[in-house]
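Listing of work-v2.tsv, TSV, C-alpha atoms
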chain	number	residue	atom	x	y	z
A	389	MET	CA	-51.28	39.02	-59.06
A	390	PRO	CA	-52.03	42.11	-56.93
A	391	ALA	CA	-50.00	42.39	-53.72
A	392	THR	CA	-53.10	41.79	-51.56
A	393	GLU	CA	-54.28	38.75	-53.54
A	394	THR	CA	-53.46	35.36	-52.02
A	395	ARG	CA	-52.24	32.42	-54.08
A	396	GLU	CA	-55.64	30.76	-53.67
A	397	GLU	CA	-57.45	33.91	-54.84
A	398	ALA	CA	-55.17	34.08	-57.90
A	399	LEU	CA	-56.05	30.46	-58.68
A	400	VAL	CA	-59.76	31.22	-58.32
A	401	HIS	CA	-59.36	34.16	-60.70
A	402	ALA	CA	-57.52	31.86	-63.15
A	403	LEU	CA	-60.65	29.68	-63.35
A	404	GLY	CA	-62.04	32.32	-65.73
A	405	SER	CA	-59.23	31.79	-68.26
A	406	GLU	CA	-59.83	28.76	-70.45
A	407	PRO	CA	-56.13	27.89	-70.91
A	408	ARG	CA	-55.39	28.30	-67.17
A	409	ARG	CA	-58.65	26.84	-65.83
A	410	PRO	CA	-57.78	23.09	-65.75
A	411	ALA	CA	-54.51	23.57	-63.87
A	412	ALA	CA	-56.05	26.11	-61.48
A	413	PHE	CA	-58.95	23.75	-60.76
A	414	ARG	CA	-56.61	20.83	-60.04
A	415	GLU	CA	-54.41	22.95	-57.78
A	416	LEU	CA	-57.37	24.30	-55.81
A	417	LEU	CA	-58.66	20.77	-55.41
A	418	ARG	CA	-55.22	19.64	-54.23
A	419	LEU	CA	-55.09	22.48	-51.68
A	420	GLY	CA	-58.35	21.19	-50.25
A	421	SER	CA	-59.77	22.94	-47.19
A	422	ASP	CA	-57.04	25.61	-47.34
A	423	ALA	CA	-58.59	26.84	-50.61
A	424	VAL	CA	-62.22	26.82	-49.45
A	425	PRO	CA	-62.31	30.44	-48.19
A	426	ALA	CA	-61.04	31.74	-51.56
A	427	ILE	CA	-63.42	29.42	-53.41
A	428	ARG	CA	-66.34	30.72	-51.35
A	429	ARG	CA	-65.35	34.30	-52.21
A	430	GLY	CA	-65.18	33.20	-55.85
A	431	LEU	CA	-68.91	32.52	-55.77
A	432	ALA	CA	-69.36	36.31	-56.01
A	433	HIS	CA	-66.97	36.68	-58.97
A	434	PRO	CA	-68.36	38.73	-61.90
A	435	GLN	CA	-67.57	35.94	-64.40
A	436	ASP	CA	-70.14	33.15	-64.48
A	437	LEU	CA	-67.44	30.64	-65.50
A	438	VAL	CA	-65.57	31.34	-62.25
A	439	ARG	CA	-68.76	31.03	-60.17
A	440	GLU	CA	-69.59	27.75	-61.95
A	441	GLN	CA	-66.10	26.34	-61.32
A	442	CYS	CA	-66.28	27.38	-57.66
A	443	CYS	CA	-69.55	25.45	-57.31
A	444	LYS	CA	-67.87	22.44	-58.93
A	445	LEU	CA	-64.95	22.73	-56.51
A	446	LEU	CA	-67.32	22.91	-53.54
A	447	ASP	CA	-68.93	19.73	-54.86
A	448	HIS	CA	-65.66	18.02	-53.88
A	449	LEU	CA	-64.68	20.22	-50.93
A	450	LEU	CA	-68.05	20.93	-49.35
A	451	VAL	CA	-67.90	22.06	-45.74
A	452	THR	CA	-70.80	23.00	-43.50
A	453	GLU	CA	-69.80	26.67	-43.55
A	454	ALA	CA	-70.20	26.79	-47.36
A	455	LEU	CA	-73.67	25.24	-47.56
A	456	GLY	CA	-75.47	28.59	-47.29
A	457	ASP	CA	-73.24	30.09	-49.97
A	458	LEU	CA	-73.93	27.17	-52.28
A	459	ILE	CA	-77.68	27.29	-51.64
A	460	ALA	CA	-77.62	31.01	-52.52
A	461	MET	CA	-76.13	30.06	-55.91
A	462	LEU	CA	-79.45	28.42	-56.80
A	463	ASP	CA	-80.60	32.00	-57.53
A	464	ASP	CA	-77.61	32.90	-59.72
A	465	PRO	CA	-78.56	34.60	-63.00
A	466	SER	CA	-76.51	32.08	-65.00
A	467	PRO	CA	-78.15	28.70	-65.73
A	468	ARG	CA	-74.75	26.97	-65.81
A	469	VAL	CA	-74.02	28.22	-62.28
A	470	ARG	CA	-77.44	27.06	-61.05
A	471	VAL	CA	-76.80	23.61	-62.58
A	472	ALA	CA	-73.39	23.36	-60.88
A	473	ALA	CA	-74.90	24.43	-57.54
A	474	ILE	CA	-77.73	21.89	-57.84
A	475	HIS	CA	-75.25	19.14	-58.63
A	476	ALA	CA	-73.02	20.09	-55.71
A	477	LEU	CA	-75.99	19.96	-53.33
A	478	ALA	CA	-77.41	16.71	-54.70
A	479	CYS	CA	-74.36	14.56	-55.51
A	480	ASP	CA	-72.92	12.19	-52.93
A	481	ARG	CA	-70.31	10.58	-55.18
A	482	CYS	CA	-67.98	13.58	-55.26
A	483	LYS	CA	-67.99	14.31	-51.53
A	484	SER	CA	-65.10	13.29	-49.32
A	485	ASP	CA	-67.30	13.44	-46.20
A	486	SER	CA	-70.96	13.36	-45.28
A	487	CYS	CA	-71.69	17.12	-45.34
A	488	ARG	CA	-75.31	17.32	-46.47
A	489	PRO	CA	-77.61	20.32	-46.85
A	490	ASP	CA	-80.75	20.68	-44.73
A	491	GLN	CA	-83.63	19.34	-46.82
A	492	ALA	CA	-86.02	21.80	-45.15
A	493	VAL	CA	-84.02	24.60	-46.78
A	494	VAL	CA	-83.06	22.96	-50.07
A	495	LEU	CA	-86.27	21.13	-50.99
A	496	PRO	CA	-88.49	24.21	-51.45
A	497	ARG	CA	-85.78	25.82	-53.59
A	498	GLY	CA	-85.42	22.64	-55.63
A	499	ILE	CA	-89.19	22.41	-56.18
A	500	ARG	CA	-89.26	26.05	-57.30
A	501	LEU	CA	-86.43	25.41	-59.78
A	502	LEU	CA	-88.12	22.25	-61.06
A	503	SER	CA	-91.44	23.98	-61.63
A	504	GLN	CA	-90.44	27.54	-62.56
A	505	ASP	CA	-86.89	27.84	-63.89
A	506	PRO	CA	-86.91	29.07	-67.51
A	507	ASP	CA	-83.94	26.82	-68.40
A	508	ALA	CA	-84.79	23.17	-69.14
A	509	HIS	CA	-81.28	22.02	-68.20
A	510	VAL	CA	-81.70	23.58	-64.74
A	511	ARG	CA	-85.11	21.94	-64.34
A	512	ASN	CA	-83.59	18.61	-65.39
A	513	PHE	CA	-80.95	18.81	-62.65
A	514	ALA	CA	-83.55	20.08	-60.15
A	515	ALA	CA	-85.41	16.77	-60.61
A	516	GLU	CA	-82.41	15.02	-59.04
A	517	LEU	CA	-82.32	17.42	-56.11
A	518	VAL	CA	-86.05	17.04	-55.48
A	519	GLY	CA	-85.74	13.29	-56.00
A	520	LEU	CA	-83.52	13.03	-52.91
A	521	SER	CA	-86.59	13.76	-50.78
A	522	VAL	CA	-89.22	11.82	-52.69
A	523	HIS	CA	-89.46	9.03	-50.07
A	524	THR	CA	-89.72	11.38	-47.11
A	525	HIS	CA	-91.61	14.44	-48.35
A	526	GLU	CA	-94.96	14.28	-50.13
A	527	GLU	CA	-94.39	17.70	-51.72
A	528	ALA	CA	-91.32	16.29	-53.48
A	529	ALA	CA	-93.34	13.43	-54.96
A	530	ASP	CA	-96.09	15.84	-56.03
A	531	ALA	CA	-93.59	18.19	-57.72
A	532	LEU	CA	-91.96	15.31	-59.59
A	533	VAL	CA	-95.32	13.99	-60.80
A	534	ARG	CA	-96.29	17.49	-62.01
A	535	ALA	CA	-92.98	17.82	-63.88
A	536	ARG	CA	-93.30	14.30	-65.31
A	537	ASP	CA	-96.78	15.06	-66.60
A	538	ASN	CA	-96.56	18.73	-67.59
A	539	ASP	CA	-93.02	20.03	-68.21
A	540	PRO	CA	-92.57	21.37	-71.76
A	541	SER	CA	-89.20	19.60	-72.08
A	542	PRO	CA	-89.24	15.87	-72.92
A	543	ALA	CA	-85.89	15.46	-71.12
A	544	VAL	CA	-87.27	16.98	-67.90
A	545	ARG	CA	-90.44	14.86	-68.13
A	546	LYS	CA	-88.30	11.73	-68.58
A	547	LYS	CA	-85.96	12.45	-65.65
A	548	ALA	CA	-88.80	13.54	-63.34
A	549	GLY	CA	-90.52	10.27	-64.23
A	550	TRP	CA	-87.50	8.29	-63.05
A	551	TYR	CA	-87.67	9.94	-59.61
A	552	ALA	CA	-91.48	10.16	-59.32
A	553	PRO	CA	-93.40	7.38	-57.53
A	554	GLY	CA	-93.34	4.28	-59.71
A	555	GLY	CA	-90.26	5.41	-61.66
A	556	SER	CA	-87.11	3.33	-61.96
A	557	ILE	CA	-84.98	5.44	-59.58
A	558	HIS	CA	-87.86	5.78	-57.14
A	559	ARG	CA	-88.22	1.99	-56.98
A	560	ARG	CA	-84.45	1.45	-56.68
A	561	THR	CA	-84.04	3.97	-53.84
A	562	ALA	CA	-87.17	2.99	-51.91
A	563	PRO	CA	-86.49	2.15	-48.26
A	564	ARG	CA	-86.53	-1.55	-47.65
A	565	PRO	CA	-89.15	-2.86	-45.22
A	566	ALA	CA	-87.75	-3.91	-41.86
A	567	ARG	CA	-87.26	-7.63	-41.51
A	568	ARG	CA	-89.38	-9.27	-38.87
A	569	PRO	CA	-87.53	-11.12	-36.15
A	570	ARG	CA	-88.05	-14.88	-36.21
Starting from the file, lay out its structure as structure tokens.
Amino acid sequence: MPATETREEALVHALGSEPRRPAAFRELLRLGSDAVPAIRRGLAHPQDLVREQCCKLLDHLLVTEALGDLIAMLDDPSPRVRVAAIHALACDRCKSDSCRPDQAVVLPRGIRLLSQDPDAHVRNFAAELVGLSVHTHEEAADALVRARDNDPSPAVRKKAGWYAPGGSIHRRTAPRPARRPR
């Protein structure tokens, strides 16, 4: 560890070593918000494995200050990093608080990934991100229908169909009508 490297930065660097990665990940997660600055810097690491792991860590430790960094990772050259960033932005289960990205910023990026990303796995995950807005944004519904009907990947067509109007997830997540007072 170089003299100027912090413990957190050394742990982030260790994410690129397969034997050291699991322990480094657990320790960064345990450090919580104290590790977030080093994790955010890790998003610029030259190794895609480190950038991917940093996105996965931010999935659990997401803070408002890191949202822009995570959104920028949607343009990463590595498909595995883009998938991890999409998941971190879309998943509520892993979050310890209610830090959510601005749909006005994320939705157009998600639609672009769903319709144009060369990697089918990325498009598959993008369907989830776009699906978060399907009940509130017509462009989300339109993008999901286009993917359901036209994507070259059967897996993407299937998942987009779940989130598109009429699909199983769309029906399950539909807002309930307000009950009338008696």
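Shortest atom-to-atom contact with Lys444 of chain A among A:His475, A:Arg395, A:Arg497, A:Arg534: A:His475, counting all atoms listed in the file.
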TODO: For Arg439 of chain A, list every protein, DNA or RNA residue within 12 Å, evaluated using only C-alpha atoms, and leave out those in the same chain fewer than 3 positions away; present the list as a PyMOL selection string.
DONE: chain A and resi 400-404+426-436+442-446+457-458+460-462+464-473
Task: atom CA of Tyr551 of chain A to atom CA of Phe513 of chain A, distance in Å rounded to a single decimal - done: 11.5 Å
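Pairwise distance (atom CA of Arg511 of chain A, atom CA of Ala543 of chain A) equals 9.4 Å.
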TODO: Using atom CA of Leu520 of chain A and atom CA of Val424 of chain A as the two end points, give the distance in Å to one decimal.
DONE: 25.6 Å
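Minimum atom-to-atom distances from A:Ala478, A:Ala398, A:Ile557, A:Val438 to Ala423 of chain A were compared using all atoms listed in the file, and the lowest value belongs to A:Ala398.
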Sphere at (-88.0, 28.7, -63.7), radius 12 Å, counting only C-alpha atoms: residues as an mmCIF file with C-alpha atoms, in the coordinates of the input:
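Generated output (selection-v6.cif):
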data_model
loop_
_atom_site.group_PDB
_atom_site.id
_atom_site.type_symbol
_atom_site.label_atom_id
_atom_site.label_comp_id
_atom_site.auth_asym_id
_atom_site.auth_seq_id
_atom_site.Cartn_x
_atom_site.Cartn_y
_atom_site.Cartn_z
ATOM 1 C CA LEU A 462 -79.450 28.420 -56.800
ATOM 2 C CA ASP A 463 -80.600 32.000 -57.530
ATOM 3 C CA ASP A 464 -77.610 32.900 -59.720
ATOM 4 C CA PRO A 465 -78.560 34.600 -63.000
ATOM 5 C CA PRO A 467 -78.150 28.700 -65.730
ATOM 6 C CA ARG A 470 -77.440 27.060 -61.050
ATOM 7 C CA ARG A 497 -85.780 25.820 -53.590
ATOM 8 C CA GLY A 498 -85.420 22.640 -55.630
ATOM 9 C CA ILE A 499 -89.190 22.410 -56.180
ATOM 10 C CA ARG A 500 -89.260 26.050 -57.300
ATOM 11 C CA LEU A 501 -86.430 25.410 -59.780
ATOM 12 C CA LEU A 502 -88.120 22.250 -61.060
ATOM 13 C CA SER A 503 -91.440 23.980 -61.630
ATOM 14 C CA GLN A 504 -90.440 27.540 -62.560
ATOM 15 C CA ASP A 505 -86.890 27.840 -63.890
ATOM 16 C CA PRO A 506 -86.910 29.070 -67.510
ATOM 17 C CA ASP A 507 -83.940 26.820 -68.400
ATOM 18 C CA ALA A 508 -84.790 23.170 -69.140
ATOM 19 C CA HIS A 509 -81.280 22.020 -68.200
ATOM 20 C CA VAL A 510 -81.700 23.580 -64.740
ATOM 21 C CA ARG A 511 -85.110 21.940 -64.340
ATOM 22 C CA ASN A 512 -83.590 18.610 -65.390
ATOM 23 C CA ALA A 514 -83.550 20.080 -60.150
ATOM 24 C CA ALA A 535 -92.980 17.820 -63.880
ATOM 25 C CA ASP A 539 -93.020 20.030 -68.210
ATOM 26 C CA PRO A 540 -92.570 21.370 -71.760
#
Task: Distance criterion (all atoms listed in the file): nearest to Pro489 of chain A out of A:Pro565, A:Gly456, A:Pro553, A:Gly519 - done: A:Gly456
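Taking only C-alpha atoms into account, Val494 of chain A lies nearest to A:Ile459 out of the set A:Ile459, A:Ala528, A:Ala515, A:Leu450.
In this comparison, which uses only C-alpha atoms, the residue of A:Ser421, A:Gln441, A:Ala562, A:Ala552 approaching Leu399 of chain A most closely is A:Gln441.
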Task: Shell of 9 Å around Glu415 of chain A, all atoms listed in the file, local chain residues under 4 positions omitted, as a VMD selection string - done: chain A and resid 396 399 410 to 411 419 to 420
Report the centre and edge lengths, in Å to one decimal, of an axis-aligned box enclosing every atom of segment 551-564 of chain A listed in the file, padded by 5 Å on each side, as lines of an AutoDock Vina configuration file.
center_x = -88.7
center_y = 4.3
center_z = -54.8
size_x = 19.4
size_y = 21.7
size_z = 24.3
